[in-house]
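Colleague: Handing you a structure now.
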Amino acid sequence: MAPPIRVNLPAPDGRGSGLVDVLDRVLDKGLVVAGDVKISLAEVELLTIRIRLIVCSIDKAQQIGLDWWKHDSHLAPGRNRLSAENEELRKHVRVLERKIASLTSIRSTGARRQRRDGNAEGD
């Protein structure tokens with residue numbers, strides 16, 4: 001087993017930096033790790049996995065437009081807003097269902113009258 005790689009980045013003031021300083025820099029500037037894993041058999045590619053990892057602070061992520069957690073209904077703090085929108089849509093669906101039901105009953109009533117009137121004329 002290879003020994004672990006140790007990175008000691010010099011701080012701006014010339015002293016060695018610790019883990020906290022490294023994390024502060026990484027979170028402030030961001031770190032991107034990208035790679036592809038391809039599995040082939042007899043020169044036929046069977047599977048490709050693309051891995052993209054971005055490590056940065058929330059502020060930095062928002063700066064570069066990676067704020068998907070704001071729009072995820074399971075993670076967003078304003079999830080009630082989405083629930084309100086869903087409830088509004090449910091109300092619209094109920095109104096449409098009532099309209100369809102009334103149109104269906106009008107049609108069936110009309111069809112019954114036609115049959116009844118048709119039978120009365122035949123008598």
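Ligands are numbered from 1 in the order shown, residues from 1 within each chain, and chains are lettered A, B, ... in the order they appear in the structure tokens.
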Select from stretch 36-79 of chain A everything DSSP, run on the backbone, classes as strand (DSSP E or B), then give the selection as a list of chain:residue names.
Modeller: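 The strand (DSSP E or B) subset of stretch 36-79 of chain A is A:Asp36, A:Val37, A:Lys38, A:Ile39, A:Ser40, A:Leu41, A:Val44, A:Glu45, A:Leu46, A:Leu47, A:Thr48, A:Ile49, A:Arg50, A:Ile51, A:Arg52, A:Leu53, A:Ile54, A:Val55.
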Colleague: Using DSSP assignments from the backbone, pull out every residue in stretch 6-117 of chain A that falls under helix (DSSP H, G or I) and give it to me as an MDAnalysis selection string.
Modeller: chainID A and resid 19:29 58:63 68:70 79:117
Colleague: Write out as a list of chain:residue names each polymer residue whose atoms come within 9 Å of stretch 55-67 of chain A, counting only C-alpha atoms; drop sequence neighbours fewer than 3 positions from it.
Modeller: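 Once the adjacent positions are removed, what remains is A:Asp24, A:Val26, A:Leu27, A:Asp28, A:Lys29, A:Gly30, A:Leu31, A:Val32, A:Val33, A:Lys70, A:His71.
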Colleague: For A:Ile39, please output as a PDB file with N, CA and C atoms, in the first residue's frame all residues within 9 Å (counting only C-alpha atoms; exclusion window: fewer than 4 positions along the same chain).
Modeller:
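Output file around39.pdb follows:
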```pdb
ATOM      1  N   VAL A  44     -15.367  -3.366 -27.397  1.00  0.00           N
ATOM      2  CA  VAL A  44     -16.747  -2.885 -27.468  1.00  0.00           C
ATOM      3  C   VAL A  44     -17.054  -2.237 -26.121  1.00  0.00           C
ATOM      4  N   GLU A  45     -17.374  -0.955 -26.187  1.00  0.00           N
ATOM      5  CA  GLU A  45     -17.645  -0.227 -24.957  1.00  0.00           C
ATOM      6  C   GLU A  45     -18.993  -0.654 -24.390  1.00  0.00           C
ATOM      7  N   LEU A  46     -18.972  -1.164 -23.171  1.00  0.00           N
ATOM      8  CA  LEU A  46     -20.192  -1.646 -22.539  1.00  0.00           C
ATOM      9  C   LEU A  46     -20.818  -0.616 -21.606  1.00  0.00           C
ATOM     10  N   LEU A  47     -19.978   0.164 -20.945  1.00  0.00           N
ATOM     11  CA  LEU A  47     -20.481   1.076 -19.929  1.00  0.00           C
ATOM     12  C   LEU A  47     -19.546   2.268 -19.795  1.00  0.00           C
ATOM     13  N   THR A  48     -20.110   3.451 -19.708  1.00  0.00           N
ATOM     14  CA  THR A  48     -19.333   4.656 -19.451  1.00  0.00           C
ATOM     15  C   THR A  48     -19.959   5.376 -18.272  1.00  0.00           C
ATOM     16  N   ILE A  49     -19.167   5.692 -17.302  1.00  0.00           N
ATOM     17  CA  ILE A  49     -19.622   6.443 -16.137  1.00  0.00           C
ATOM     18  C   ILE A  49     -18.821   7.734 -16.092  1.00  0.00           C
TER      19      ILE A  49
END
```
Colleague: Can you tell me which residues surround A:Arg50 at a distance of at most 7 Å, considering only C-alpha atoms, apart from same-chain residues fewer than 2 positions away, and format the answer as a PyMOL selection string?
Modeller: chain A and resi 35-37+48+52
Colleague: Please save N, CA and C atoms of the selected residues as a PDB file, in the first residue's frame.
Modeller:
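Everything below was put into again35.pdb:
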```pdb
ATOM      1  N   GLY A  35     -13.753  12.841 -14.076  1.00  0.00           N
ATOM      2  CA  GLY A  35     -13.165  11.611 -14.587  1.00  0.00           C
ATOM      3  C   GLY A  35     -14.193  10.765 -15.297  1.00  0.00           C
ATOM      4  N   ASP A  36     -13.728   9.894 -16.142  1.00  0.00           N
ATOM      5  CA  ASP A  36     -14.586   8.962 -16.868  1.00  0.00           C
ATOM      6  C   ASP A  36     -14.095   7.550 -16.588  1.00  0.00           C
ATOM      7  N   VAL A  37     -15.039   6.657 -16.375  1.00  0.00           N
ATOM      8  CA  VAL A  37     -14.730   5.242 -16.219  1.00  0.00           C
ATOM      9  C   VAL A  37     -15.399   4.525 -17.377  1.00  0.00           C
ATOM     10  N   THR A  48     -20.110   3.451 -19.708  1.00  0.00           N
ATOM     11  CA  THR A  48     -19.333   4.656 -19.451  1.00  0.00           C
ATOM     12  C   THR A  48     -19.959   5.376 -18.272  1.00  0.00           C
ATOM     13  N   ARG A  52     -18.333  13.782 -12.085  1.00  0.00           N
ATOM     14  CA  ARG A  52     -17.997  15.193 -11.923  1.00  0.00           C
ATOM     15  C   ARG A  52     -18.293  15.558 -10.483  1.00  0.00           C
TER      16      ARG A  52
END
```
